[in-house]
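Text of the file input_0.pdb, holding PDB, C-alpha atoms:
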```
MODEL        1
ATOM      1  CA  MET J   1     125.734 110.709 103.236
ATOM      2  CA  ASP J   2     123.898 113.693 104.687
ATOM      3  CA  PHE J   3     123.035 114.807 101.162
ATOM      4  CA  LEU J   4     121.054 111.580 100.752
ATOM      5  CA  ARG J   5     118.950 112.146 103.839
ATOM      6  CA  ARG J   6     118.273 115.758 102.898
ATOM      7  CA  SER J   7     117.319 114.909  99.336
ATOM      8  CA  LEU J   8     114.974 112.098 100.354
ATOM      9  CA  LEU J   9     113.326 114.010 103.152
ATOM     10  CA  SER J  10     112.746 116.932 100.820
ATOM     11  CA  PHE J  11     110.480 114.670  98.774
ATOM     12  CA  GLY J  12     108.657 113.421 101.863
ATOM     13  CA  LEU J  13     109.935 109.876 101.423
ATOM     14  CA  LEU J  14     110.200 107.269 104.151
ATOM     15  CA  VAL J  15     113.798 106.852 105.278
ATOM     16  CA  ALA J  16     114.770 103.980 107.528
ATOM     17  CA  VAL J  17     118.418 103.768 108.543
ATOM     18  CA  SER J  18     119.783 100.619 110.151
ATOM     19  CA  GLY J  19     122.905 101.508 112.160
ATOM     20  CA  LEU J  20     124.863  98.356 112.816
ATOM     21  CA  SER J  21     127.495  99.909 115.051
ATOM     22  CA  SER J  22     124.942 100.413 117.823
ATOM     23  CA  ALA J  23     123.697  96.811 117.870
ATOM     24  CA  PRO J  24     124.960  94.590 120.722
ATOM     25  CA  GLY J  25     127.855  92.376 119.690
ATOM     26  CA  VAL J  26     128.342  94.136 116.339
ATOM     27  CA  ALA J  27     131.740  95.518 115.433
ATOM     28  CA  GLU J  28     132.279  99.135 114.509
ATOM     29  CA  PRO J  29     132.367  98.968 110.681
ATOM     30  CA  ALA J  30     135.529  99.963 108.840
ATOM     31  CA  GLU J  31     133.357 100.878 105.844
ATOM     32  CA  THR J  32     129.628 101.438 105.414
ATOM     33  CA  ILE J  33     127.524 101.001 102.298
ATOM     34  CA  THR J  34     124.017 102.279 101.568
ATOM     35  CA  VAL J  35     121.347  99.851 100.380
ATOM     36  CA  ALA J  36     118.183 101.198  98.760
ATOM     37  CA  SER J  37     115.592  98.541  99.433
ATOM     38  CA  THR J  38     111.897  97.919  99.709
ATOM     39  CA  THR J  39     109.795  98.731 102.734
ATOM     40  CA  SER J  40     108.869  95.041 102.956
ATOM     41  CA  THR J  41     112.414  93.895 103.736
ATOM     42  CA  GLU J  42     112.767  96.599 106.389
ATOM     43  CA  GLN J  43     109.267  96.486 107.923
ATOM     44  CA  SER J  44     109.218  92.676 108.058
ATOM     45  CA  GLY J  45     112.290  92.791 110.299
ATOM     46  CA  LEU J  46     114.463  90.803 107.882
ATOM     47  CA  PHE J  47     117.321  93.306 107.867
ATOM     48  CA  LYS J  48     117.584  93.225 111.658
ATOM     49  CA  GLU J  49     118.382  89.533 111.225
ATOM     50  CA  LEU J  50     120.685  89.761 108.210
ATOM     51  CA  LEU J  51     122.789  92.878 108.670
ATOM     52  CA  PRO J  52     124.496  92.007 111.973
ATOM     53  CA  ALA J  53     125.435  88.612 110.495
ATOM     54  CA  PHE J  54     126.898  90.266 107.389
ATOM     55  CA  ASN J  55     128.775  92.802 109.499
ATOM     56  CA  GLN J  56     130.238  90.046 111.639
ATOM     57  CA  ALA J  57     131.361  88.132 108.544
ATOM     58  CA  SER J  58     132.770  91.117 106.621
ATOM     59  CA  GLY J  59     133.361  94.065 108.956
ATOM     60  CA  ILE J  60     131.250  96.161 106.574
ATOM     61  CA  GLY J  61     128.342  98.252 107.870
ATOM     62  CA  VAL J  62     125.053  98.771 106.040
ATOM     63  CA  LYS J  63     122.644 101.707 106.072
ATOM     64  CA  VAL J  64     119.228 100.885 104.641
ATOM     65  CA  VAL J  65     117.039 103.429 102.879
ATOM     66  CA  ALA J  66     113.577 101.824 102.824
ATOM     67  CA  LEU J  67     111.456 102.942  99.865
ATOM     68  CA  GLY J  68     109.057 101.562  97.316
ATOM     69  CA  THR J  69     110.867  99.673  94.548
ATOM     70  CA  GLY J  70     110.463 102.455  91.989
ATOM     71  CA  GLN J  71     111.819 105.052  94.405
ATOM     72  CA  ALA J  72     114.647 102.735  95.487
ATOM     73  CA  LEU J  73     115.729 102.291  91.865
ATOM     74  CA  ASP J  74     115.519 106.057  91.341
ATOM     75  CA  ALA J  75     117.796 106.573  94.358
ATOM     76  CA  ALA J  76     120.259 104.092  92.865
ATOM     77  CA  ARG J  77     120.125 105.865  89.508
ATOM     78  CA  ARG J  78     121.001 109.139  91.241
ATOM     79  CA  GLY J  79     123.968 107.491  92.927
ATOM     80  CA  ASP J  80     122.390 107.818  96.354
ATOM     81  CA  ALA J  81     122.932 104.109  97.069
ATOM     82  CA  ASP J  82     125.578 101.488  96.463
ATOM     83  CA  VAL J  83     123.153  98.561  96.213
ATOM     84  CA  ALA J  84     119.490  98.124  95.259
ATOM     85  CA  LEU J  85     117.508  95.207  96.736
ATOM     86  CA  VAL J  86     113.979  95.269  95.327
ATOM     87  CA  HIS J  87     111.124  93.117  94.016
ATOM     88  CA  ASP J  88     109.995  94.027  90.520
ATOM     89  CA  THR J  89     111.781  91.768  88.039
ATOM     90  CA  ALA J  90     110.795  93.739  84.940
ATOM     91  CA  ALA J  91     111.982  97.022  86.481
ATOM     92  CA  GLU J  92     115.203  95.362  87.674
ATOM     93  CA  GLU J  93     115.958  93.991  84.207
ATOM     94  CA  LYS J  94     115.329  97.443  82.745
ATOM     95  CA  PHE J  95     117.710  98.910  85.337
ATOM     96  CA  VAL J  96     120.449  96.507  84.226
ATOM     97  CA  GLY J  97     119.623  97.007  80.552
ATOM     98  CA  GLU J  98     120.112 100.748  80.938
ATOM     99  CA  GLY J  99     123.577 100.172  82.374
ATOM    100  CA  TRP J 100     122.875 101.186  85.974
ATOM    101  CA  SER J 101     124.133  97.788  87.133
ATOM    102  CA  ALA J 102     126.183  95.061  85.498
ATOM    103  CA  LYS J 103     124.134  92.169  86.882
ATOM    104  CA  ARG J 104     120.940  91.283  88.706
ATOM    105  CA  TYR J 105     121.099  88.470  91.250
ATOM    106  CA  PRO J 106     117.989  86.574  92.403
ATOM    107  CA  VAL J 107     118.068  86.386  96.185
ATOM    108  CA  MET J 108     114.786  85.122  97.633
ATOM    109  CA  TYR J 109     111.043  85.041  97.182
ATOM    110  CA  ASN J 110     107.844  85.118  99.135
ATOM    111  CA  ASP J 111     104.327  85.802  97.913
ATOM    112  CA  PHE J 112     101.591  88.377  97.885
ATOM    113  CA  VAL J 113      98.245  87.882  99.617
ATOM    114  CA  ILE J 114      94.973  89.760  99.572
ATOM    115  CA  VAL J 115      93.997  90.662 103.096
ATOM    116  CA  GLY J 116      90.486  91.818 103.888
ATOM    117  CA  PRO J 117      87.617  91.945 106.394
ATOM    118  CA  LYS J 118      86.773  88.682 108.111
ATOM    119  CA  ASP J 119      83.144  89.047 107.010
ATOM    120  CA  ASP J 120      84.385  89.422 103.385
ATOM    121  CA  PRO J 121      81.563  91.565 101.934
ATOM    122  CA  ALA J 122      82.864  91.084  98.386
ATOM    123  CA  GLY J 123      83.014  87.291  98.654
ATOM    124  CA  ALA J 124      86.675  87.238  97.644
ATOM    125  CA  ALA J 125      87.855  84.409  99.906
ATOM    126  CA  GLY J 126      89.316  81.450  98.073
ATOM    127  CA  ALA J 127      89.164  83.094  94.652
ATOM    128  CA  SER J 128      92.080  83.680  92.313
ATOM    129  CA  VAL J 129      93.640  87.112  92.623
ATOM    130  CA  VAL J 130      92.022  88.366  89.405
ATOM    131  CA  GLU J 131      88.581  87.013  90.306
ATOM    132  CA  ALA J 132      88.896  88.498  93.795
ATOM    133  CA  LEU J 133      89.620  91.930  92.331
ATOM    134  CA  ARG J 134      86.634  91.630  90.001
ATOM    135  CA  LYS J 135      84.420  90.857  93.011
ATOM    136  CA  ILE J 136      85.848  93.720  95.062
ATOM    137  CA  ALA J 137      85.295  96.189  92.210
ATOM    138  CA  ALA J 138      81.769  94.897  91.541
ATOM    139  CA  ALA J 139      80.866  95.258  95.220
ATOM    140  CA  LYS J 140      82.649  98.614  95.457
ATOM    141  CA  ALA J 141      84.109  97.250  98.684
ATOM    142  CA  PRO J 142      86.793  99.441 100.326
ATOM    143  CA  PHE J 143      90.233  98.724  98.878
ATOM    144  CA  VAL J 144      93.540 100.297  99.889
ATOM    145  CA  SER J 145      96.350 100.705  97.349
ATOM    146  CA  ARG J 146      99.916 101.642  98.224
ATOM    147  CA  GLY J 147     100.030 103.910  95.174
ATOM    148  CA  ASP J 148     103.767 104.467  95.642
ATOM    149  CA  ARG J 149     105.459 102.869  92.596
ATOM    150  CA  SER J 150     106.599 100.005  94.785
ATOM    151  CA  GLY J 151     106.930  96.414  93.617
ATOM    152  CA  THR J 152     103.689  95.660  95.432
ATOM    153  CA  HIS J 153     101.913  98.553  93.735
ATOM    154  CA  SER J 154     103.238  97.442  90.326
ATOM    155  CA  ALA J 155     101.938  93.933  91.004
ATOM    156  CA  GLU J 156      98.537  95.284  92.034
ATOM    157  CA  LEU J 157      98.216  97.285  88.820
ATOM    158  CA  ARG J 158      99.223  94.217  86.822
ATOM    159  CA  TYR J 159      96.529  92.133  88.549
ATOM    160  CA  TRP J 160      93.820  94.720  87.806
ATOM    161  CA  LYS J 161      94.861  94.606  84.150
ATOM    162  CA  GLU J 162      94.833  90.787  84.117
ATOM    163  CA  ALA J 163      91.355  90.952  85.645
ATOM    164  CA  GLY J 164      90.238  92.868  82.553
ATOM    165  CA  LEU J 165      89.436  96.000  84.536
ATOM    166  CA  ASP J 166      90.343  99.558  83.600
ATOM    167  CA  LEU J 167      91.162 100.880  87.045
ATOM    168  CA  GLY J 168      90.877 104.461  85.843
ATOM    169  CA  ALA J 169      87.293 103.798  84.759
ATOM    170  CA  VAL J 170      86.051 101.670  87.660
ATOM    171  CA  ARG J 171      87.748 103.277  90.645
ATOM    172  CA  GLY J 172      85.691 105.483  92.912
ATOM    173  CA  ASP J 173      85.455 106.434  96.574
ATOM    174  CA  TRP J 174      85.836 102.754  97.473
ATOM    175  CA  TYR J 175      89.450 102.769  96.167
ATOM    176  CA  LYS J 176      91.883 104.619  98.438
ATOM    177  CA  ASP J 177      95.388 105.403  97.153
ATOM    178  CA  VAL J 178      97.635 106.143 100.169
ATOM    179  CA  GLY J 179     100.979 106.756  98.426
ATOM    180  CA  GLN J 180     102.897 105.127 101.282
ATOM    181  CA  GLY J 181     104.682 101.931 102.280
ATOM    182  CA  MET J 182     103.213  98.566 103.186
ATOM    183  CA  GLY J 183     102.942  99.239 106.915
ATOM    184  CA  PRO J 184     100.928 102.463 106.529
ATOM    185  CA  ALA J 185      98.769 100.817 103.849
ATOM    186  CA  LEU J 186      97.963  97.947 106.213
ATOM    187  CA  ASN J 187      97.205 100.390 109.031
ATOM    188  CA  THR J 188      94.815 102.262 106.732
ATOM    189  CA  ALA J 189      93.139  99.001 105.687
ATOM    190  CA  SER J 190      92.796  97.930 109.305
ATOM    191  CA  ALA J 191      91.193 101.236 110.285
ATOM    192  CA  ALA J 192      88.813 101.187 107.293
ATOM    193  CA  ASN J 193      88.144  97.415 107.381
ATOM    194  CA  ALA J 194      89.263  97.339 103.754
ATOM    195  CA  TYR J 195      90.894  94.941 101.336
ATOM    196  CA  VAL J 196      94.591  95.379 100.500
ATOM    197  CA  LEU J 197      97.318  93.539  98.580
ATOM    198  CA  SER J 198     100.283  92.832 100.871
ATOM    199  CA  ASP J 199     103.495  90.884 100.749
ATOM    200  CA  ARG J 200     103.219  88.007 103.173
ATOM    201  CA  GLY J 201     106.341  88.975 105.131
ATOM    202  CA  THR J 202     105.040  92.388 106.161
ATOM    203  CA  TRP J 203     101.613  90.940 106.959
ATOM    204  CA  LEU J 204     103.112  88.293 109.253
ATOM    205  CA  SER J 205     105.047  90.954 111.165
ATOM    206  CA  PHE J 206     102.072  93.364 111.274
ATOM    207  CA  LYS J 207     100.485  93.730 114.712
ATOM    208  CA  ASN J 208      97.535  96.082 114.130
ATOM    209  CA  ARG J 209      95.372  93.612 112.196
ATOM    210  CA  GLY J 210      91.969  94.563 113.570
ATOM    211  CA  ASP J 211      89.337  92.441 111.801
ATOM    212  CA  LEU J 212      91.529  91.681 108.791
ATOM    213  CA  LYS J 213      92.713  88.246 107.695
ATOM    214  CA  ILE J 214      94.220  86.598 104.617
ATOM    215  CA  LEU J 215      91.455  85.852 102.106
ATOM    216  CA  VAL J 216      93.348  85.143  98.876
ATOM    217  CA  GLU J 217      96.615  83.206  98.655
ATOM    218  CA  GLY J 218      98.280  80.408  96.724
ATOM    219  CA  ASP J 219      97.605  81.753  93.210
ATOM    220  CA  LYS J 220     100.772  81.291  91.143
ATOM    221  CA  ARG J 221     100.407  84.904  89.980
ATOM    222  CA  LEU J 222     101.152  85.987  93.571
ATOM    223  CA  PHE J 223     104.776  84.790  93.433
ATOM    224  CA  ASN J 224     107.059  87.631  94.588
ATOM    225  CA  GLN J 225     110.745  87.500  93.584
ATOM    226  CA  TYR J 226     113.465  89.727  95.071
ATOM    227  CA  GLY J 227     116.681  90.686  93.302
ATOM    228  CA  VAL J 228     119.836  92.593  94.271
ATOM    229  CA  MET J 229     122.156  94.740  92.148
ATOM    230  CA  VAL J 230     125.366  96.697  92.689
ATOM    231  CA  VAL J 231     125.152 100.224  91.268
ATOM    232  CA  ASN J 232     127.538 100.636  88.329
ATOM    233  CA  PRO J 233     130.594 102.668  89.437
ATOM    234  CA  GLU J 234     131.067 103.757  85.813
ATOM    235  CA  LYS J 235     127.843 105.752  86.259
ATOM    236  CA  HIS J 236     128.744 107.013  89.735
ATOM    237  CA  PRO J 237     132.465 106.772  90.600
ATOM    238  CA  HIS J 238     131.806 107.350  94.312
ATOM    239  CA  VAL J 239     129.915 104.045  94.599
ATOM    240  CA  LYS J 240     131.651 101.647  97.000
ATOM    241  CA  ALA J 241     131.593  98.866  94.447
ATOM    242  CA  LYS J 242     133.945  96.433  96.199
ATOM    243  CA  ALA J 243     132.113  96.557  99.533
ATOM    244  CA  ALA J 244     128.739  96.526  97.730
ATOM    245  CA  GLN J 245     129.731  93.409  95.801
ATOM    246  CA  ALA J 246     130.828  91.794  99.064
ATOM    247  CA  PHE J 247     127.306  92.367 100.410
ATOM    248  CA  VAL J 248     125.720  90.859  97.302
ATOM    249  CA  ASP J 249     128.107  87.897  97.337
ATOM    250  CA  TRP J 250     127.255  87.232 100.993
ATOM    251  CA  LEU J 251     123.497  87.392 100.341
ATOM    252  CA  VAL J 252     123.718  84.759  97.610
ATOM    253  CA  SER J 253     126.263  82.596  99.494
ATOM    254  CA  ALA J 254     125.336  79.593 101.616
ATOM    255  CA  PRO J 255     125.600  81.560 104.914
ATOM    256  CA  GLY J 256     123.510  84.438 103.569
ATOM    257  CA  GLN J 257     120.862  82.146 102.130
ATOM    258  CA  ALA J 258     120.746  80.190 105.387
ATOM    259  CA  ALA J 259     120.230  83.428 107.340
ATOM    260  CA  ILE J 260     117.300  84.359 105.074
ATOM    261  CA  ALA J 261     115.732  80.920 105.496
ATOM    262  CA  ALA J 262     116.182  81.042 109.272
ATOM    263  CA  TYR J 263     114.207  84.262 109.750
ATOM    264  CA  ARG J 264     110.779  83.439 111.141
ATOM    265  CA  ILE J 265     107.930  85.098 112.974
ATOM    266  CA  GLY J 266     105.770  82.883 115.151
ATOM    267  CA  GLY J 267     107.517  79.865 113.658
ATOM    268  CA  GLU J 268     106.522  80.819 110.106
ATOM    269  CA  GLN J 269     109.184  81.424 107.449
ATOM    270  CA  LEU J 270     108.836  84.827 105.741
ATOM    271  CA  PHE J 271     111.316  84.591 102.853
ATOM    272  CA  PHE J 272     112.619  81.643 100.841
ATOM    273  CA  PRO J 273     116.158  81.843  99.434
ATOM    274  CA  ASN J 274     116.602  80.970  95.746
ATOM    275  CA  ALA J 275     119.934  82.452  94.680
ATOM    276  CA  GLU J 276     120.777  79.142  93.029
ATOM    277  CA  SER J 277     118.184  79.982  90.355
ATOM    278  CA  ARG J 278     120.510  82.581  88.836
TER     279      ARG J 278
ENDMDL
END
```

Since I need it in another form, could you write the structure as structure tokens?
Amino acid sequence: MDFLRRSLLSFGLLVAVSGLSSAPGVAEPAETITVASTTSTEQSGLFKELLPAFNQASGIGVKVVALGTGQALDAARRGDADVALVHDTAAEEKFVGEGWSAKRYPVMYNDFVIVGPKDDPAGAAGASVVEALRKIAAAKAPFVSRGDRSGTHSAELRYWKEAGLDLGAVRGDWYKDVGQGMGPALNTASAANAYVLSDRGTWLSFKNRGDLKILVEGDKRLFNQYGVMVVNPEKHPHVKAKAAQAFVDWLVSAPGQAAIAAYRIGGEQLFFPNAESR
């Protein structure tokens, strides 16, 4: 799909391709599908765990295009992917409602956290997410936003609204919009000693933490659900619907769910399978 790479690069988007055929012990795939997914699933290392197992079970290869959720859904709408695996339930339901997919499948969840400076100049530690944002805004403490239409960015905007703050009115030099994925946003926050909303999986796999640590967690609002959808071949006849459905079926099967649950960093589980909730 050279046209896919050219079209994405022309918009300056992050493209991450996972080539299974080069991994040790992985069979050369008879067929390869493209999955448009979030940067969190790629940058956390989850796909490096899952895709070889799926390839071994099915003989199907997977190329991953890692984007923010909004951009991943746009790629699927254009027919530039066979599957979308993202984390913005409202946007996913809209995607299905518009006919771009026949069904959305819950796959797994983790949670968001607010990471910030260890000295916590805004006094956000231990607060709810909305109270923490109020404190950060009141202190005009440095805050980094992904600003990329990702599921994380959508959640951040929702939390500002729930905090009763008009971000357009209160934002100033203290609020930095990077327009990039979770990894670059965390790097920016580390360099600036700033607060940032992150999914827990990417944070756990992030190495360049500097003086940052988790300050806000455990609020039920921070729940982060992931869903997967096959792109409707009636919209794009070239979609590899059978192989794409095989990937989805494996993700929500007992082996796929067990592989998700088994992925850990430093002994800590990053994602929690919940396909049975569908």

List the spatial neighbours of J:Gly267 as an mmCIF file with C-alpha atoms, keeping the file's coordinate frame - criterion: any atom at most 12 Å away, only C-alpha atoms, same-chain residues fewer than 5 positions off excluded.
```cif
data_model
loop_
_atom_site.group_PDB
_atom_site.id
_atom_site.type_symbol
_atom_site.label_atom_id
_atom_site.label_comp_id
_atom_site.auth_asym_id
_atom_site.auth_seq_id
_atom_site.Cartn_x
_atom_site.Cartn_y
_atom_site.Cartn_z
ATOM 1 C CA LEU J 204 103.112 88.293 109.253
ATOM 2 C CA SER J 205 105.047 90.954 111.165
ATOM 3 C CA ALA J 261 115.732 80.920 105.496
ATOM 4 C CA ALA J 262 116.182 81.042 109.272
#
```

**Item:** Selection result for the PyMOL selection byres ((chain J and resi 256-259) around 9) on this file, as JSON, numbers by chain
**Value:** {"J": [49, 50, 53, 54, 107, 108, 249, 250, 251, 252, 253, 254, 255, 260, 261, 262, 263, 272, 273, 274, 275]}

**Item:** Output check: residues returned by the PyMOL selection byres ((chain J and resi 30-47) around 7), as a PyMOL selection string
**Value:** chain J and resi 28-29+48-51+59-69+72+75-76+81-86+181-183+201-202+205+240+243-244+263

Enumerate, in order of chain and increasing residue number, the residues of stretch 76-120 of chain J with an atom no farther than 9 Å from stretch 207-222 of chain J, each with its shortest atom pair and distance in Å to one decimal, counting all atoms listed in the file, as a tab-separated table.
```
residue	atom	partner	partner_atom	distance
J:Asn110	CA	J:Leu222	CA	8.7
J:Asp111	CA	J:Leu222	CA	5.4
J:Phe112	CA	J:Leu222	CA	5.0
J:Val113	CA	J:Glu217	CA	5.0
J:Ile114	CA	J:Val216	CA	4.9
J:Val115	CA	J:Ile214	CA	4.3
J:Gly116	CA	J:Leu212	CA	5.0
J:Pro117	CA	J:Leu212	CA	4.6
J:Lys118	CA	J:Leu212	CA	5.7
J:Asp119	CA	J:Asp211	CA	8.5
J:Asp120	CA	J:Leu215	CA	8.0
```

**Message:** Going by the chain IDs and residue numbers used in this file, which residues fall under the PyMOL selection byres ((chain J and resi 169-176) around 8)? Write them as a list in words.
**Reply:** Ala137, Lys140, Ala141, Pro142, Phe143, Val144, Ser145, Leu165, Asp166, Leu167, Gly168, Asp177 and Val178 of chain J

**Item:** Of the listed residues J:Lys161, J:Ala127, J:Val248, J:Tyr195, that which approaches J:Arg146 most closely, counting all atoms listed in the file
**Value:** J:Tyr195

**Item:** Which residue of J:Glu131, J:Glu234, J:Asp88, J:Glu268 approaches J:Trp100 most closely, using only C-alpha atoms
**Value:** J:Glu234

**Request:** One decimal, Å: what's the distance from atom CA of J:Val129 over to atom CA of J:Ala163, could you say?
**Result:** 8.3 Å

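Relative to atom CA of J:Ala155, atom CA of J:Arg77 is found at 21.8 Å.
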
**Asked** What is the distance, in Å and to one decimal place, between atom CA of J:Asn224 and atom CA of J:Glu93?
**Response** 15.1 Å

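Using only C-alpha atoms, the shortest contact distance between J:Ser198 and any of J:Arg78, J:His153, J:Lys242, J:His87 is found at J:His153.
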
**Request:** Identify which of the residues J:Asp148, J:Asp80, J:Glu156, J:Glu276 lies closest to J:Pro237, counting all atoms listed in the file when measuring atom-to-atom distances.
**Result:** J:Asp80
